[in-house]
Every structure is written in C-alpha cells, then in structure tokens.
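K.L.:
Enclosed is the structure file query_12.cif (mmCIF, C-alpha atoms).
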```cif
data_structure
#
loop_
_atom_site.label_atom_id
_atom_site.label_comp_id
_atom_site.auth_asym_id
_atom_site.auth_seq_id
_atom_site.Cartn_x
_atom_site.Cartn_y
_atom_site.Cartn_z
CA MET C 1 129.13 -0.20 104.24
CA PHE C 2 130.41 2.88 106.11
CA PRO C 3 131.33 3.08 109.79
CA ALA C 4 128.29 3.68 112.03
CA PRO C 5 128.92 7.41 112.70
CA VAL C 6 129.12 8.08 108.94
CA GLU C 7 125.89 6.15 108.31
CA GLN C 8 124.25 8.05 111.16
CA LEU C 9 125.26 11.42 109.70
CA ILE C 10 124.02 10.39 106.24
CA THR C 11 120.68 9.36 107.80
CA GLU C 12 120.31 12.66 109.66
CA LEU C 13 121.24 14.71 106.58
CA SER C 14 118.78 12.75 104.40
CA LYS C 15 115.94 14.00 106.61
CA LEU C 16 116.50 17.57 105.38
CA PRO C 17 114.11 18.74 102.65
CA GLY C 18 115.46 18.29 99.14
CA ILE C 19 118.42 16.22 100.35
CA GLY C 20 118.31 12.65 99.04
CA ARG C 21 120.53 9.78 100.12
CA ARG C 22 123.20 10.59 97.50
CA SER C 23 123.35 14.30 98.35
CA ALA C 24 123.47 13.40 102.05
CA GLN C 25 126.42 11.11 101.34
CA ARG C 26 128.22 13.87 99.44
CA LEU C 27 127.60 16.34 102.29
CA ALA C 28 128.79 13.79 104.89
CA PHE C 29 132.00 13.16 102.94
CA TYR C 30 132.53 16.89 102.58
CA LEU C 31 132.20 17.36 106.35
CA LEU C 32 134.55 14.43 106.94
CA GLY C 33 137.14 16.19 104.82
CA ARG C 34 136.82 19.56 106.59
CA PRO C 35 138.75 20.62 109.71
CA ARG C 36 136.92 19.74 112.94
CA ASP C 37 136.33 23.43 113.73
CA ASP C 38 134.32 23.95 110.53
CA ALA C 39 132.05 21.00 111.30
CA ALA C 40 131.73 22.15 114.93
CA ALA C 41 130.69 25.63 113.74
CA LEU C 42 127.84 24.13 111.73
CA ALA C 43 126.73 21.90 114.63
CA ALA C 44 126.85 24.87 117.02
CA ALA C 45 124.83 27.05 114.63
CA ILE C 46 122.11 24.38 114.47
CA ILE C 47 121.88 24.13 118.27
CA ASP C 48 122.09 27.90 118.68
CA VAL C 49 119.20 28.59 116.36
CA LYS C 50 116.98 26.18 118.29
CA ASP C 51 118.02 27.60 121.66
CA LYS C 52 117.83 31.30 120.83
CA ILE C 53 115.10 31.71 118.23
CA SER C 54 111.39 31.72 118.88
CA PHE C 55 108.32 33.29 117.27
CA CYS C 56 107.39 36.94 117.77
CA ARG C 57 104.51 37.08 120.24
CA ARG C 58 102.64 39.51 118.01
CA CYS C 59 103.39 38.68 114.35
CA PHE C 60 105.02 35.20 114.52
CA ASN C 61 108.13 36.25 112.63
CA PHE C 62 111.38 34.73 113.96
CA THR C 63 112.91 36.63 116.84
CA GLU C 64 115.53 36.42 119.56
CA GLU C 65 113.39 38.58 121.87
CA GLU C 66 109.73 38.64 122.75
CA LEU C 67 108.90 40.89 119.81
CA CYS C 68 110.56 40.71 116.37
CA VAL C 69 112.73 43.42 114.85
CA PHE C 70 109.75 44.95 113.00
CA CYS C 71 107.30 44.88 115.91
CA ARG C 72 109.96 46.49 118.15
CA ASP C 73 110.61 49.32 115.68
CA ALA C 74 108.55 52.36 116.81
CA ARG C 75 109.06 54.00 113.40
CA ARG C 76 107.01 51.32 111.62
CA ASP C 77 103.37 52.10 110.88
CA ASP C 78 101.28 49.81 113.08
CA ALA C 79 98.08 50.68 111.26
CA LEU C 80 99.26 48.56 108.34
CA ILE C 81 99.66 44.77 108.48
CA CYS C 82 101.11 42.74 105.62
CA VAL C 83 100.05 39.09 105.88
CA VAL C 84 102.59 36.55 104.56
CA GLU C 85 102.79 32.76 104.59
CA GLU C 86 106.33 32.34 105.96
CA PRO C 87 109.01 34.51 107.64
CA SER C 88 111.11 34.18 104.45
CA ASP C 89 108.37 36.00 102.50
CA ILE C 90 109.21 39.15 104.47
CA ILE C 91 112.60 39.44 102.76
CA PRO C 92 111.48 40.37 99.22
CA ILE C 93 109.02 42.93 100.65
CA GLU C 94 111.71 44.52 102.86
CA LYS C 95 114.16 44.49 99.95
CA GLY C 96 111.69 46.65 98.01
CA GLY C 97 112.34 49.25 100.71
CA GLU C 98 108.91 50.93 100.40
CA TYR C 99 106.82 49.07 102.94
CA ARG C 100 106.88 50.63 106.41
CA GLY C 101 104.09 48.69 108.13
CA LEU C 102 104.15 45.54 110.24
CA TYR C 103 103.75 41.88 109.31
CA HIS C 104 101.72 38.85 110.26
CA VAL C 105 103.15 35.41 109.49
CA LEU C 106 100.47 32.76 108.96
CA GLY C 107 102.82 29.80 109.05
CA GLY C 108 101.62 28.37 105.73
CA SER C 109 98.58 28.49 103.48
CA LEU C 110 95.24 26.70 103.47
CA SER C 111 95.46 23.28 101.88
CA PRO C 112 92.62 21.05 103.09
CA LEU C 113 93.93 18.07 101.10
CA ASP C 114 97.17 18.23 103.08
CA GLY C 115 95.19 18.67 106.29
CA ILE C 116 96.04 22.36 106.66
CA ASP C 117 92.82 24.04 107.80
CA PRO C 118 92.29 27.60 109.13
CA GLU C 119 92.96 26.50 112.72
CA HIS C 120 96.48 25.37 111.72
CA LEU C 121 97.43 28.88 110.60
CA ARG C 122 97.69 32.04 112.74
CA ILE C 123 94.40 33.39 111.36
CA LYS C 124 92.65 33.64 114.73
CA GLU C 125 95.63 35.65 116.02
CA LEU C 126 95.36 37.97 113.01
CA VAL C 127 91.68 38.60 113.67
CA GLU C 128 92.47 39.36 117.33
CA ARG C 129 95.25 41.77 116.30
CA VAL C 130 92.86 43.57 113.98
CA GLN C 131 90.14 43.78 116.63
CA THR C 132 92.31 44.96 119.51
CA GLY C 133 94.72 47.22 117.61
CA ASP C 134 94.25 50.38 115.58
CA VAL C 135 94.70 48.71 112.21
CA ALA C 136 93.52 50.54 109.08
CA GLU C 137 94.53 48.08 106.36
CA VAL C 138 95.52 44.45 105.95
CA ILE C 139 97.54 43.66 102.81
CA LEU C 140 97.26 39.98 101.85
CA ALA C 141 100.63 38.94 100.43
CA THR C 142 100.13 35.18 100.34
CA ASN C 143 101.59 33.47 97.25
CA PRO C 144 99.78 33.91 93.92
CA ASN C 145 99.05 30.17 93.63
CA THR C 146 95.94 28.11 94.37
CA SER C 147 96.43 27.71 98.11
CA GLY C 148 97.76 31.26 98.58
CA GLU C 149 94.74 32.69 96.71
CA SER C 150 92.22 30.67 98.70
CA THR C 151 93.94 31.69 101.95
CA ALA C 152 93.70 35.34 100.90
CA LEU C 153 90.01 34.96 100.03
CA TYR C 154 89.29 33.18 103.31
CA ILE C 155 90.93 35.96 105.36
CA ALA C 156 89.34 38.71 103.24
CA ASP C 157 85.91 37.25 104.02
CA LEU C 158 86.67 37.36 107.74
CA LEU C 159 88.01 40.93 107.80
CA ARG C 160 86.30 42.78 104.96
CA ASP C 161 83.62 44.42 107.12
CA LYS C 162 86.11 45.44 109.81
CA LEU C 163 88.76 47.32 107.78
CA ARG C 164 90.35 47.79 104.36
CA VAL C 165 91.63 44.48 102.95
CA THR C 166 93.89 44.53 99.88
CA ARG C 167 95.81 41.96 97.84
CA LEU C 168 99.21 42.33 96.11
CA ALA C 169 98.74 42.99 92.39
CA SER C 170 99.12 40.08 89.99
CA GLY C 171 100.52 40.68 86.52
CA LEU C 172 103.61 40.59 84.37
CA PRO C 173 106.85 40.69 86.38
CA VAL C 174 109.05 43.71 85.72
CA GLY C 175 111.50 42.89 82.92
CA ALA C 176 109.41 39.96 81.65
CA ASP C 177 108.88 39.14 78.00
CA LEU C 178 105.20 39.10 76.96
CA GLU C 179 105.97 36.44 74.36
CA TYR C 180 107.03 33.99 77.04
CA ALA C 181 104.50 34.86 79.75
CA ASP C 182 102.01 32.13 80.70
CA GLU C 183 98.30 32.57 79.92
CA ALA C 184 97.21 32.88 83.54
CA THR C 185 99.66 35.73 84.17
CA VAL C 186 98.64 37.53 80.97
CA SER C 187 94.93 37.28 81.76
CA ARG C 188 95.61 38.55 85.30
CA ALA C 189 97.60 41.44 83.83
CA LEU C 190 94.70 42.23 81.47
CA MET C 191 92.11 42.10 84.25
CA GLY C 192 94.26 44.37 86.41
CA ARG C 193 95.05 46.87 83.61
CA ARG C 194 95.36 50.52 84.66
CA GLU C 195 94.73 53.85 82.93
CA LEU C 196 97.85 55.75 81.95
CA MET A 1 117.13 40.76 108.05
CA PHE A 2 116.92 37.65 110.25
CA PRO A 3 118.05 37.41 113.87
CA ALA A 4 121.80 36.74 114.18
CA PRO A 5 121.54 33.00 115.02
CA VAL A 6 119.41 32.40 111.91
CA GLU A 7 121.86 34.34 109.72
CA GLN A 8 124.73 32.39 111.26
CA LEU A 9 123.07 29.05 110.48
CA ILE A 10 122.33 30.13 106.90
CA THR A 11 125.98 31.16 106.49
CA GLU A 12 127.25 27.83 107.83
CA LEU A 13 124.83 25.82 105.67
CA SER A 14 125.80 27.83 102.55
CA LYS A 15 129.36 26.56 102.93
CA LEU A 16 128.21 23.02 102.11
CA PRO A 17 128.81 21.90 98.52
CA GLY A 18 125.82 22.40 96.23
CA ILE A 19 123.95 24.45 98.85
CA GLY A 20 123.39 28.04 97.73
CA ARG A 21 122.09 30.87 99.88
CA ARG A 22 118.45 30.11 99.01
CA SER A 23 118.74 26.38 99.77
CA ALA A 24 120.57 27.21 102.99
CA GLN A 25 117.70 29.50 103.96
CA ARG A 26 115.15 26.77 103.24
CA LEU A 27 117.16 24.27 105.32
CA ALA A 28 117.52 26.76 108.18
CA PHE A 29 113.77 27.43 108.21
CA TYR A 30 113.10 23.71 108.12
CA LEU A 31 115.35 23.17 111.15
CA LEU A 32 113.67 26.08 112.94
CA GLY A 33 110.35 24.35 112.46
CA ARG A 34 111.51 20.95 113.75
CA PRO A 35 111.50 19.84 117.40
CA ARG A 36 114.73 20.66 119.20
CA ASP A 37 115.63 16.94 119.49
CA ASP A 38 115.68 16.50 115.70
CA ALA A 39 118.02 19.43 115.24
CA ALA A 40 120.17 18.22 118.13
CA ALA A 41 120.45 14.76 116.51
CA LEU A 42 121.84 16.32 113.33
CA ALA A 43 124.29 18.49 115.29
CA ALA A 44 125.42 15.48 117.33
CA ALA A 45 125.91 13.35 114.19
CA ILE A 46 128.16 16.05 112.69
CA ILE A 47 130.32 16.23 115.81
CA ASP A 48 130.36 12.45 116.20
CA VAL A 49 131.61 11.83 112.72
CA LYS A 50 134.52 14.22 113.24
CA ASP A 51 135.38 12.74 116.63
CA LYS A 52 135.14 9.06 115.75
CA ILE A 53 136.11 8.73 112.10
CA SER A 54 139.62 8.82 110.72
CA PHE A 55 141.43 7.38 107.72
CA CYS A 56 142.54 3.75 107.55
CA ARG A 57 146.29 3.65 108.17
CA ARG A 58 146.76 1.31 105.21
CA CYS A 59 144.20 2.17 102.50
CA PHE A 60 142.84 5.60 103.59
CA ASN A 61 139.21 4.50 103.56
CA PHE A 62 137.11 5.90 106.42
CA THR A 63 137.32 3.90 109.65
CA GLU A 64 136.48 4.02 113.34
CA GLU A 65 139.52 1.88 114.14
CA GLU A 66 143.13 1.92 112.98
CA LEU A 67 142.35 -0.27 109.97
CA CYS A 68 139.15 -0.07 107.91
CA VAL A 69 136.55 -2.84 107.66
CA PHE A 70 138.17 -4.25 104.50
CA CYS A 71 141.78 -4.16 105.71
CA ARG A 72 140.69 -5.87 108.97
CA ASP A 73 138.92 -8.69 107.13
CA ALA A 74 141.32 -11.68 106.93
CA ARG A 75 139.15 -13.30 104.23
CA ARG A 76 139.91 -10.53 101.73
CA ASP A 77 142.65 -11.18 99.16
CA ASP A 78 145.54 -8.86 100.03
CA ALA A 79 147.36 -9.62 96.77
CA LEU A 80 144.78 -7.49 94.97
CA ILE A 81 144.44 -3.71 95.38
CA CYS A 82 141.68 -1.71 93.76
CA VAL A 83 142.66 1.98 93.52
CA VAL A 84 139.76 4.46 93.78
CA GLU A 85 139.54 8.24 94.02
CA GLU A 86 137.22 8.54 97.04
CA PRO A 87 135.84 6.27 99.80
CA SER A 88 132.38 6.58 98.19
CA ASP A 89 133.75 4.87 95.05
CA ILE A 90 134.10 1.66 97.08
CA ILE A 91 130.32 1.30 97.38
CA PRO A 92 129.45 0.44 93.75
CA ILE A 93 132.33 -2.06 93.62
CA GLU A 94 131.23 -3.78 96.86
CA LYS A 95 127.63 -3.78 95.64
CA GLY A 96 128.73 -5.82 92.64
CA GLY A 97 129.67 -8.47 95.21
CA GLU A 98 132.45 -10.05 93.12
CA TYR A 99 135.53 -8.17 94.25
CA ARG A 100 137.32 -9.78 97.21
CA GLY A 101 140.56 -7.78 97.28
CA LEU A 102 141.55 -4.65 99.21
CA TYR A 103 141.32 -0.97 98.30
CA HIS A 104 143.49 2.11 98.13
CA VAL A 105 141.82 5.52 98.32
CA LEU A 106 143.78 8.25 96.53
CA GLY A 107 141.77 11.15 97.92
CA GLY A 108 141.04 12.65 94.49
CA SER A 109 142.46 12.65 90.98
CA LEU A 110 145.27 14.54 89.29
CA SER A 111 144.19 17.97 88.13
CA PRO A 112 147.23 20.27 87.76
CA LEU A 113 145.03 23.24 86.80
CA ASP A 114 143.29 22.97 90.19
CA GLY A 115 146.64 22.55 91.90
CA ILE A 116 146.19 18.82 92.55
CA ASP A 117 149.56 17.22 91.80
CA PRO A 118 150.75 13.65 92.56
CA GLU A 119 152.03 14.68 96.01
CA HIS A 120 148.49 15.72 97.02
CA LEU A 121 147.16 12.21 96.46
CA ARG A 122 148.12 8.99 98.34
CA ILE A 123 150.23 7.77 95.41
CA LYS A 124 153.49 7.54 97.38
CA GLU A 125 151.66 5.43 99.96
CA LEU A 126 150.36 3.14 97.20
CA VAL A 127 153.87 2.62 95.83
CA GLU A 128 155.09 1.79 99.36
CA ARG A 129 152.23 -0.70 99.86
CA VAL A 130 153.10 -2.41 96.60
CA GLN A 131 156.80 -2.55 97.44
CA THR A 132 156.48 -3.83 101.00
CA GLY A 133 153.47 -6.15 100.56
CA ASP A 134 152.86 -9.28 98.50
CA VAL A 135 150.71 -7.55 95.90
CA ALA A 136 150.10 -9.30 92.56
CA GLU A 137 147.81 -6.84 90.82
CA VAL A 138 146.68 -3.24 91.07
CA ILE A 139 143.28 -2.47 89.47
CA LEU A 140 142.95 1.21 88.60
CA ALA A 141 139.32 2.18 89.18
CA THR A 142 139.62 5.96 88.94
CA ASN A 143 136.75 7.66 87.10
CA PRO A 144 136.56 7.31 83.29
CA ASN A 145 136.98 11.08 82.77
CA THR A 146 139.99 13.22 81.85
CA SER A 147 141.51 13.55 85.31
CA GLY A 148 140.68 9.97 86.29
CA GLU A 149 142.29 8.64 83.12
CA SER A 150 145.44 10.72 83.54
CA THR A 151 145.69 9.63 87.19
CA ALA A 152 145.40 5.98 86.07
CA LEU A 153 148.10 6.49 83.41
CA TYR A 154 150.40 8.24 85.88
CA ILE A 155 150.11 5.40 88.41
CA ALA A 156 150.42 2.73 85.72
CA ASP A 157 153.74 4.29 84.61
CA LEU A 158 155.02 4.09 88.19
CA LEU A 159 153.97 0.48 88.86
CA ARG A 160 153.98 -1.27 85.50
CA ASP A 161 157.44 -2.86 85.89
CA LYS A 162 156.71 -4.01 89.46
CA LEU A 163 153.44 -5.92 89.05
CA ARG A 164 150.31 -6.40 86.95
CA VAL A 165 148.43 -3.12 86.49
CA THR A 166 144.90 -3.20 85.06
CA ARG A 167 142.15 -0.68 84.38
CA LEU A 168 138.36 -1.11 84.66
CA ALA A 169 136.84 -1.71 81.21
CA SER A 170 135.24 1.23 79.42
CA GLY A 171 132.27 0.63 77.13
CA LEU A 172 128.52 0.64 76.90
CA PRO A 173 126.79 0.39 80.28
CA VAL A 174 124.62 -2.69 80.76
CA GLY A 175 121.08 -1.94 79.64
CA ALA A 176 122.13 1.06 77.55
CA ASP A 177 120.68 1.94 74.16
CA LEU A 178 123.30 2.11 71.40
CA GLU A 179 121.23 4.76 69.62
CA TYR A 180 121.62 7.18 72.53
CA ALA A 181 125.21 6.36 73.53
CA ASP A 182 127.76 9.18 73.17
CA GLU A 183 130.54 8.91 70.58
CA ALA A 184 133.36 8.59 73.12
CA THR A 185 131.67 5.64 74.82
CA VAL A 186 130.93 3.91 71.51
CA SER A 187 134.51 4.30 70.27
CA ARG A 188 135.78 2.96 73.64
CA ALA A 189 133.41 0.00 73.30
CA LEU A 190 134.68 -0.63 69.78
CA MET A 191 138.35 -0.46 70.83
CA GLY A 192 137.67 -2.83 73.70
CA ARG A 193 135.64 -5.32 71.65
CA ARG A 194 136.03 -8.99 72.59
CA GLU A 195 135.76 -12.27 70.65
CA LEU A 196 132.64 -14.28 71.37
#
```
In structure tokens, what does this structure look like?

P.N.:
Amino acid sequence: MFPAPVEQLITELSKLPGIGRRSAQRLAFYLLGRPRDDAAALAAAIIDVKDKISFCRRCFNFTEEELCVFCRDARRDDALICVVEEPSDIIPIEKGGEYRGLYHVLGGSLSPLDGIDPEHLRIKELVERVQTGDVAEVILATNPNTSGESTALYIADLLRDKLRVTRLASGLPVGADLEYADEATVSRALMGRREL
Amino acid sequence: MFPAPVEQLITELSKLPGIGRRSAQRLAFYLLGRPRDDAAALAAAIIDVKDKISFCRRCFNFTEEELCVFCRDARRDDALICVVEEPSDIIPIEKGGEYRGLYHVLGGSLSPLDGIDPEHLRIKELVERVQTGDVAEVILATNPNTSGESTALYIADLLRDKLRVTRLASGLPVGADLEYADEATVSRALMGRREL
C-alpha cells in the first residue's frame, strides 16, 4: 500500500515494545512530516547509544566508561550494595536522595516459566562482589511482585550467612488512601507495622 | 542520571507523538538491550524514508517517484477524485476494494483555533486539478468530526458550481448495535435514511 521505505520503517517501528502496527504507522507518518534534520537526530541517537554505551564492569549499570557514574564516585559507600532488576530502577532510589551506596543490576528477575533462571541474571557476579569486596550489607530492591520477591529470597538464601541482607519495606505508599488500598498491600503494611 | 547518549536518545524518542518520557525510557532501554544490527536497521529505515520519500506532485500522497502509485496507474479513473485528510486515510478506502478513482491528500483539516487555515492545506491545488483536468466528481472523505465536516463544507462551497461534489455517508457502522450507538450517529442515520 505504501512505498517500500515507508513499509520498512513501519515494520522496524512495530518491533519496539508496546508499539503496534497502527502506532508504528502514526510514528512513521510523523517522521515523514518532520524536517530531515529531526529524523536524522533520532537515527543518530539510536546508533550513538549502541556505539557508546556498555555495561559497568562492576555493577552492570549503563556506562560510557569502564565503570558507571556510581562506581566511579569515591564518595559513595562501597560497603553498601543495592540490588535492582534494571538500570531504570536506580532512578527512583537516586531521586530519594538518601542512598549513598553502590548498586548491582541483575538484568531482570527470576521467572522459570519464561526461562529466566539464576544463571541468566548477574547473581554469580553479585556473590563474587560480596566475597572479594568489603561489603557490609546488601539491600534487595527487586520489585514487590511475585518474580521480584522470589529473586530476593533466592539471593538472600545465598548471602545470608556472609553479610547483612535486607529488603525494601512493603506497605502503604505515602499519600495513599487506606480505603482504596489492595488487600495484599494492607496485610503487608500490618505485618510490617512499627512502634511509634 | 544516565550517560549522555542514553539521555539524548530518550530526549529524541520523547519528541515522537504519544511517547512520553517514561515510554521513551522504556524504548531506549529496549534498544540498548538489542543487538547493534537491530538498532542500526531502525536508524537506517528512518534515514531511508526521509531520503527516498516525497509527496506525489499531483495528489500529495507519499511516493518514491514523481507520481504516486495511484496517479501512475493508467487503469484508475481520473474523472473521480477522493479527497482525504492524510495519506493513511487512503488505506481503508483501498481495502474496501471498490474505489477505482484517484485521490487528493489535503494534509490535514481546517482548524482555525490551531492556526490551520485553508492556505495551509492543499485546497488551492485541488481547485487547480479540477479546473485543468477532466474531473466529473469530487468525493469528500474528510473525517466525520467537526474539523473534517467544516473542511468538507468549505471545499464543497468552492467546487459545487464546477462539478459534482459528494460526501461519504454518515450513519451506523456495519455490525453496530443500535442500543449502544451515540445520539449524533443515530440522528445522522435517520437523516440519511433510504427507501428499501
């Protein structure tokens, strides 16, 4: 229906997650309507990111150098490692502004049904880091869902006798309305109740 | 937070319609995780489309050559012009398989509040086509919404004394449930009722 280059662009855009054929078509038409420089900037950014970005040798966060921005920072506390599923999970923790330790990016969470077993995540590398470094505590900050919880439990079992292993608290989000909270969150909040 | 090339890609992706900062981040991370060749294919498709695609000299549909695939096709009836807002509007009409005339792509619809006046659309070019060619009928297939309707009325006023000007029928979509149809559609269907 469309000229070959348009069809090709729609096909490539449809491969992106969450982009169906119709959205891909809309994006392709948008790019067709933009000045060539705008489209070239997007294409260059895609190539650039593949050419310049790799994984931090120590924590597997994204980096332009051998070590990521956190692992390079001498002011960060290297006795503390916060374990997350993906590099994007680092953002909300950094936004909080309180955490001063390092990170370890697993690259996902355990999900045997999807074929994601411990050897597919950077768990071995975490254990090595803990054994070779001077680490006092590992904070497990995997997502509070089924696969995140089982990943946390799996890692806790591996590390518990080596050092302090903690998990982010589960409970009511700040600003939430008790009336509308789901049962699982409320029962977690009850289990984790604290003396005032 | 992220290395500069990642931030740059997120920024470029956020410029796309319907892609917010969070979606852009997800897309960027997806591309980071793909083999370089996959990312390069997307970048190449973007550049290719800008280099190879232009507007048909006659009807303003997308084309790789001077005239689009419809204007080049000698078997199409050039006495019939179907006026649409965007090149993508041609697809559903071609899918129907009944229309054998040509097209004219306006490049949008009148929307004075958004600064889209008649001179921003290819209306002048349509009038010229009608005056110089052997056109018998213009079918206005702009969208059945406020701006599409006013665009159709505006063009009809310009062409009505030169040739036959028609509008796609409005009414209940095939397969629809009268119970759930909106009032505007039902009253259109009533106004357009036909003898059986």

K.L.:
Can you give me, as a list in words, the residues this file yields under the PyMOL selection byres ((chain C and resi 172) around 7)?

P.N.:
Gly171, Pro173, Val174, Ala176, Thr185, Val186 and Ala189 of chain C

K.L.:
Within 12 Å of (116.1, 26.3, 100.2) (file coordinates; only C-alpha atoms), which protein or nucleic acid residues are there? I'd like them as a list in words.

P.N.:
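So the residues meeting the distance criterion are Leu16, Pro17, Gly18, Ile19 and Ser88 of chain C; Ile10, Leu13, Ser14, Gly18, Ile19, Gly20, Arg21, Arg22, Ser23, Ala24, Gln25, Arg26, Leu27, Ala28, Phe29, Tyr30 and Leu31 of chain A.
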
K.L.:
Could you spell out the hits of the PyMOL selection byres ((chain A) within 8 of (chain C)) on the shown file, as a PDB file with C-alpha atoms, keeping the file's coordinate frame?

P.N.:
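The file below, result_19.pdb, is the result:
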```
ATOM      1  CA  MET A   1     117.130  40.760 108.050  1.00  0.00           C
ATOM      2  CA  PHE A   2     116.920  37.650 110.250  1.00  0.00           C
ATOM      3  CA  PRO A   3     118.050  37.410 113.870  1.00  0.00           C
ATOM      4  CA  PRO A   5     121.540  33.000 115.020  1.00  0.00           C
ATOM      5  CA  VAL A   6     119.410  32.400 111.910  1.00  0.00           C
ATOM      6  CA  GLN A   8     124.730  32.390 111.260  1.00  0.00           C
ATOM      7  CA  LEU A   9     123.070  29.050 110.480  1.00  0.00           C
ATOM      8  CA  GLU A  12     127.250  27.830 107.830  1.00  0.00           C
ATOM      9  CA  LEU A  13     124.830  25.820 105.670  1.00  0.00           C
ATOM     10  CA  LEU A  16     128.210  23.020 102.110  1.00  0.00           C
ATOM     11  CA  PRO A  17     128.810  21.900  98.520  1.00  0.00           C
ATOM     12  CA  LEU A  27     117.160  24.270 105.320  1.00  0.00           C
ATOM     13  CA  TYR A  30     113.100  23.710 108.120  1.00  0.00           C
ATOM     14  CA  LEU A  31     115.350  23.170 111.150  1.00  0.00           C
ATOM     15  CA  LEU A  32     113.670  26.080 112.940  1.00  0.00           C
ATOM     16  CA  ARG A  36     114.730  20.660 119.200  1.00  0.00           C
ATOM     17  CA  ALA A  39     118.020  19.430 115.240  1.00  0.00           C
ATOM     18  CA  ALA A  40     120.170  18.220 118.130  1.00  0.00           C
ATOM     19  CA  ALA A  41     120.450  14.760 116.510  1.00  0.00           C
ATOM     20  CA  LEU A  42     121.840  16.320 113.330  1.00  0.00           C
ATOM     21  CA  ALA A  43     124.290  18.490 115.290  1.00  0.00           C
ATOM     22  CA  ALA A  44     125.420  15.480 117.330  1.00  0.00           C
ATOM     23  CA  ALA A  45     125.910  13.350 114.190  1.00  0.00           C
ATOM     24  CA  ILE A  46     128.160  16.050 112.690  1.00  0.00           C
ATOM     25  CA  ILE A  47     130.320  16.230 115.810  1.00  0.00           C
ATOM     26  CA  ASP A  48     130.360  12.450 116.200  1.00  0.00           C
ATOM     27  CA  VAL A  49     131.610  11.830 112.720  1.00  0.00           C
ATOM     28  CA  LYS A  50     134.520  14.220 113.240  1.00  0.00           C
ATOM     29  CA  LYS A  52     135.140   9.060 115.750  1.00  0.00           C
ATOM     30  CA  ILE A  53     136.110   8.730 112.100  1.00  0.00           C
ATOM     31  CA  PHE A  62     137.110   5.900 106.420  1.00  0.00           C
ATOM     32  CA  THR A  63     137.320   3.900 109.650  1.00  0.00           C
ATOM     33  CA  GLU A  64     136.480   4.020 113.340  1.00  0.00           C
ATOM     34  CA  ILE A  91     130.320   1.300  97.380  1.00  0.00           C
TER      35      ILE A  91
END
```

K.L.:
Here's the selection I'm unsure about, the PyMOL selection byres ((chain A and resi 152) around 10); applied to the file above, which residues does it give, as a list in words?

P.N.:
Val83, Val84, Ser109, Leu110, Ile139, Leu140, Ala141, Thr142, Asn143, Pro144, Thr146, Ser147, Gly148, Glu149, Ser150, Thr151, Leu153, Tyr154, Ile155, Ala156, Asp157, Val165, Thr166 and Arg167 of chain A

K.L.:
Go ahead and write the selection's residues with C-alpha atoms as a compact mmCIF listing (two decimals), keeping the file's coordinate frame.

P.N.:
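File produced: again.txt:
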```txt
# COMPACT_ATOMS: atom_id res chain seq x y z
CA VAL A 83 142.66 1.98 93.52
CA VAL A 84 139.76 4.46 93.78
CA SER A 109 142.46 12.65 90.98
CA LEU A 110 145.27 14.54 89.29
CA ILE A 139 143.28 -2.47 89.47
CA LEU A 140 142.95 1.21 88.60
CA ALA A 141 139.32 2.18 89.18
CA THR A 142 139.62 5.96 88.94
CA ASN A 143 136.75 7.66 87.10
CA PRO A 144 136.56 7.31 83.29
CA THR A 146 139.99 13.22 81.85
CA SER A 147 141.51 13.55 85.31
CA GLY A 148 140.68 9.97 86.29
CA GLU A 149 142.29 8.64 83.12
CA SER A 150 145.44 10.72 83.54
CA THR A 151 145.69 9.63 87.19
CA LEU A 153 148.10 6.49 83.41
CA TYR A 154 150.40 8.24 85.88
CA ILE A 155 150.11 5.40 88.41
CA ALA A 156 150.42 2.73 85.72
CA ASP A 157 153.74 4.29 84.61
CA VAL A 165 148.43 -3.12 86.49
CA THR A 166 144.90 -3.20 85.06
CA ARG A 167 142.15 -0.68 84.38
```

K.L.:
Return the single residue from A:Asn145, A:Leu163, A:Asp78, A:Leu102 that is closest to Ala184 in chain A, with distances computed using all atoms listed in the file.

P.N.:
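Answer, going by the shortest atom-to-atom distance: A:Asn145.
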
K.L.:
Contacts of Arg122 in chain A at 9 Å or less, counting all atoms listed in the file, minus same-chain residues fewer than 6 places along, as a list of chain:residue names?

P.N.:
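The filter keeps A:Cys59, A:Phe60, A:His104, A:Val105, A:Leu106, A:Gly107, A:Gly108.
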
K.L.:
Determine the nearest neighbour of Arg164 in chain A from the options A:Gly115, A:Leu190, A:Arg100, A:Leu80, counting all atoms listed in the file.

P.N.:
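Closest candidate: A:Leu80.
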